[in-house]
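Enquirer: If you scroll down you'll find the structure; I have some questions about it.
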Amino acid sequence: MTLLVIDWWLILEKALLIGGIIGLSFFIAMYTTLAERKVAAWLQDRRGPNRAGPFGIFQPLADGGKLFFKEEIIPLASNKFLFILGPALAMITALITSTVIPWAAPFITKGGNVIPMQVADVDMGILLVFSIVSVGVYGIMIGGWASNNKFSLMAAVRGASQMVSYELPMGLCLIAVLFMTGSLKMSEIVANQVQNGWHIIYQPLGFLIFFICALAECNRTPFDLPEAENELNFGYHQEYSSMKLGFYLFAEYINMFISSAVMVTLYFGGYDIPFVNEASWGLSSFWMSLISFSVLMAKISFFLFLFLWIRWTIPRFRYDQLMNLGWKKLIPLALVNMIITAAVLLLLNK
Amino acid sequence: MLTQRAKEVDRKPMTFLESIYLWNIMKGMGITISHLFKKKATINYPEQTRTFSKVFRGLHVLNRDEEGRENCTACGLCAVACPAEAITMEGAERLPGEEHLYREEKYAAKYEINMLRCIFCGLCEEACPKDAIYLSQTFAPANYGRKGFIYKKDDLLIPHPIENKEAYEAALGDKPAKN
Amino acid sequence: MNITQILFWFLSVVALFSALMVITNKNPVYSVLWLIVTFFAISGHYILLNAQFLAIVNIIVYAGAIMVLFLFVIMLMNLNKETEPQKNRWLRMAGAVAGGCLLLVLVAALKDTDIKQQQAMVNGGSIGLIKNLGKELFTTYVVPFEISSILFLSAMVGAVVIGKKE
């Protein structure tokens, strides 16, 4: 009796892809921490870390090593299980999101098998990202509550309400994009942009709102209220030490990476190379995958830089300002954007 | 006019352009990005150092004359002048046969400066009639304990000008040997 | 036993166990967290039925939004064993009776259902995919759909009105 019919090749292919993407996420997140410090230094006329290796390229390893070897402190009055669950959840949700992003043009083997450079091209595509992001709140909330500290709790509550409120305009912007593509599949969203031009041309307002919301979802300045250093003593991860703290910080950078990837995929053509018709080059599919992957990474790096640049420019919002911006400005704007998109599409289709 | 630079706070209601913030945010981001291309204000410190002014007051040095004899006569004027009371010393009489070590009949057997108390004002240098102490251009290094900051005579003495000429000149720095 | 069945049994056990944990836990925060686990298990069942949209929306709406608000309130109130008020004996009795009635109704309703003809399409069928679901919603069920959308719109307007009131 055959118990299970398993396509081992598929499993191998996906396992390799998953491993690669997780490795990539960690690698990018590591070097974003270095980039953060470097960019901060440059924008402030300083030099930034440059002791560990040439130009400080081993600095992230040194930081990671430091976090690993630090003493692990679990507060006595904290809820131990939830205290550990918090950073784990933050990390898991940050990593899961990358499953549906198409990382490169599909790779065609000699046998004619098409290997999509995407872990899962599910029917729900972008909605899956949203569901994971909405679950990502728990990492912050659980960690903040389990620390049994007033500041942590305050920060957790802030973080949760912020993320819940900014998901709404984000979703409304997304709907406008989906009107244009007619599909939730990430691969089709990219294909639509390869064909008809990038969505940023048609949806500049939508992109702007999406970007602002992405800043808020990643808890980046100017919306870094959950960790507000000078009011809440680093907020929800105040009681954390060692690698558990490292996980929270790392998850933030992975979130930045993934949200950049999502923005690029939704509005900037994904792995599409602008202004040229790459299909006419006649390159082998291996090189096409490689080139499209590097194009995607270049776009993502730009957005990561934008994240850092904004962080070192704009001061933090006040909490009521944050809520006003979210509910009274962004949501109506996103609604208007959605209705206009719908109306224009309806007119064009007639 | 020079002092009246206080600006009146502008309490006009925001214009439409200002109220959507974006324009001002872009201006701010333009300012920060322009700093990316500016000259860095900092230097790679241990490899590069900035030049000090000639009158910089760093760590103390007990001087020798050109034959390598100590100038200090333990008169105590520096200790009296010191506003932070950082200097203590004990005098001793020069014995026959020690003329090549000490310039005058009396010398400092013990000379200590507590660098944690010292405020590097340079009054000791001004008070010294024998040009025996001056403030060099090195500044206080870090240390693990308080004891390490109490500099003994051995720490303070300038290297011998004949036996160890290079170190002597390095310690002298930009200051001309007056004597 | 193929992989779908294994998954089905696994998810069922998880769903039932976590649902039991929700009501037996003393600490309300744990209860909420177990409830989230339950939602995930149920979403897993939806995926087994290839109802992807339902699965995702279940997570977004229930696990991602409503439970966050629950957790919010519970965390701020800091409920735990010590602060739990002593319940009235009569209240307990009433609760048991009410729960029993609900059970009775459920059993009565489910007893006569013909399971065989209503068998769900496990690991197949495409009605749960978003395209078919959308078509179905906007053709066959357009009236209830629009009515519920009006309900949502009025709720939104109401929320804005409440929010505007200083």
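Order determines the names: the first chain of the structure tokens is A, the second B, and so forth; residues in each chain are numbered 1 upward, and ligands are numbered 1 upward as they are shown.
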Near Tyr151 (chain B), within 7 Å and counting only C-alpha atoms, which residues show up once chain neighbours fewer than 4 positions away are dropped, as an mmCIF file with C-alpha atoms, in the first residue's frame?
Expert:
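selection05.cif written:
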```
data_model
loop_
_atom_site.group_PDB
_atom_site.id
_atom_site.type_symbol
_atom_site.label_atom_id
_atom_site.label_comp_id
_atom_site.auth_asym_id
_atom_site.auth_seq_id
_atom_site.Cartn_x
_atom_site.Cartn_y
_atom_site.Cartn_z
ATOM 1 C CA GLU B 112 52.349 62.596 42.061
ATOM 2 C CA ILE B 113 49.572 64.124 40.056
ATOM 3 C CA ASN B 114 46.050 62.814 40.420
ATOM 4 C CA MET B 115 44.707 63.049 36.890
ATOM 5 C CA ASP B 155 55.052 58.304 34.503
ATOM 6 C CA LEU B 156 55.565 62.015 34.333
#
```
Enquirer: Between chain A and chain B, at 7 Å or less, what are the per-residue closest atom pairs and their distances in Å? Count only C-alpha atoms, order by chain and rising residue number, and return it as JSON lines.
Expert:
```
{"residue": "A:Trp42", "atom": "CA", "partner": "B:Leu36", "partner_atom": "CA", "distance": 5.3}
{"residue": "A:Leu43", "atom": "CA", "partner": "B:His35", "partner_atom": "CA", "distance": 5.2}
{"residue": "A:Gln44", "atom": "CA", "partner": "B:His35", "partner_atom": "CA", "distance": 6.8}
{"residue": "A:Asp45", "atom": "CA", "partner": "B:Lys40", "partner_atom": "CA", "distance": 4.6}
{"residue": "A:Arg46", "atom": "CA", "partner": "B:Lys40", "partner_atom": "CA", "distance": 5.5}
{"residue": "A:Arg47", "atom": "CA", "partner": "B:Lys40", "partner_atom": "CA", "distance": 6.9}
{"residue": "A:Thr313", "atom": "CA", "partner": "B:Met29", "partner_atom": "CA", "distance": 6.0}
```
Enquirer: Select from region 25-94 of chain B everything DSSP, run on the backbone, classes as strand (DSSP E), then give the selection as a count of residues only.
Expert: 10
Enquirer: Could you give me the residues within region 6-169 of chain B that DSSP places in alpha helix (DSSP H), as a PyMOL selection string?
Expert: chain B and resi 16-19+22-34+77-81+123-127+153-156+165-169
Enquirer: Would you please work out which residue, of A:Asn113, A:Ser187, A:Asn324, A:Ser242, is nearest to chain C when using only C-alpha atoms?
Expert: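 Of all the options, A:Asn324 lies closest to chain C.
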Enquirer: Find the residues of chain C that sit at most 8 Å from chain A; for each, write down the nearest two atoms and how far apart they are in Å, to one decimal. Count only C-alpha atoms. Sort by chain, then by number going up, and give it as a Markdown table.
Expert:
```
| residue | atom | partner | partner_atom | distance |
| --- | --- | --- | --- | --- |
| C:Met1 | CA | A:Leu3 | CA | 6.7 |
| C:Asn2 | CA | A:Leu4 | CA | 5.6 |
| C:Ile3 | CA | A:Leu4 | CA | 6.2 |
| C:Gln52 | CA | A:Met124 | CA | 6.6 |
| C:Phe53 | CA | A:Met124 | CA | 6.5 |
| C:Ile56 | CA | A:Ser131 | CA | 6.3 |
| C:Val57 | CA | A:Ser131 | CA | 7.5 |
| C:Ile59 | CA | A:Ser131 | CA | 5.9 |
| C:Ile60 | CA | A:Ser131 | CA | 4.6 |
| C:Ala63 | CA | A:Val135 | CA | 6.6 |
| C:Gly64 | CA | A:Ser134 | CA | 4.6 |
| C:Ala65 | CA | A:Val164 | CA | 6.7 |
| C:Val68 | CA | A:Ala160 | CA | 7.3 |
| C:Phe72 | CA | A:Val157 | CA | 6.6 |
| C:Met75 | CA | A:Trp145 | CA | 6.8 |
| C:Leu129 | CA | A:Asp123 | CA | 6.7 |
| C:Ile130 | CA | A:Asp123 | CA | 7.2 |
```
Enquirer: Smallest atom-to-atom distance to Ile150 (chain B): which of B:Cys121, B:Ile162, B:Thr88, B:Ala170, using only C-alpha atoms?
Expert: B:Thr88
Enquirer: For Glu231 (chain A), work out the shell of residues within 12 Å, counting only C-alpha atoms and skipping chain neighbours fewer than 4 positions away, then give it as a PyMOL selection string.
Expert: chain A and resi 151-152+154-155+224-227+235-236+238+316+318-319
Enquirer: Would you mind exporting the chosen residues as a short mmCIF file (atom, residue, chain, number, x, y, z; two decimals), in the first residue's frame, restricted to C-alpha atoms?
Expert:
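Result written to again08.cif:
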```
data_model
loop_
_atom_site.label_atom_id
_atom_site.label_comp_id
_atom_site.auth_asym_id
_atom_site.auth_seq_id
_atom_site.Cartn_x
_atom_site.Cartn_y
_atom_site.Cartn_z
CA PHE A 151 5.99 50.58 29.36
CA SER A 152 6.00 47.34 27.42
CA MET A 154 1.70 50.60 26.61
CA ALA A 155 3.94 50.03 23.63
CA ASP A 224 7.95 53.92 15.50
CA LEU A 225 5.71 54.66 18.46
CA PRO A 226 5.75 51.08 19.78
CA GLU A 227 9.46 51.35 20.46
CA GLY A 235 8.76 49.93 24.22
CA TYR A 236 7.65 46.36 23.88
CA GLN A 238 12.32 46.69 26.88
CA ARG A 316 8.33 60.68 15.26
CA ARG A 318 2.63 62.06 18.17
CA TYR A 319 0.13 59.35 18.90
#
```
Enquirer: Please provide as a VMD selection string all residues within 9 Å of Cys128 (chain B), with the sequence filter that same-chain residues fewer than 6 positions apart are discarded (counting only C-alpha atoms).
Expert: chain B and resid 72 75 to 78 134
Enquirer: Calculate how many Å separate CA of Asn88 (chain C) from CA of Lys26 (chain C), rounding to one decimal.
Expert: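 The value is 17.4 Å.
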Enquirer: So what do you get for CA of Val161 (chain C) versus CA of Ile339 (chain A), distance-wise?
Expert: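 About the pair CA of Val161 (chain C) and CA of Ile339 (chain A): they are 21.4 Å apart.
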Enquirer: List the neighbours of Val114 (chain A) out to 12 Å using only C-alpha atoms; skip same-chain residues closer than 4 positions along the sequence, and give me the result as a ChimeraX atom specification.
Expert: /A:10,13,105-110,118,285-286,289
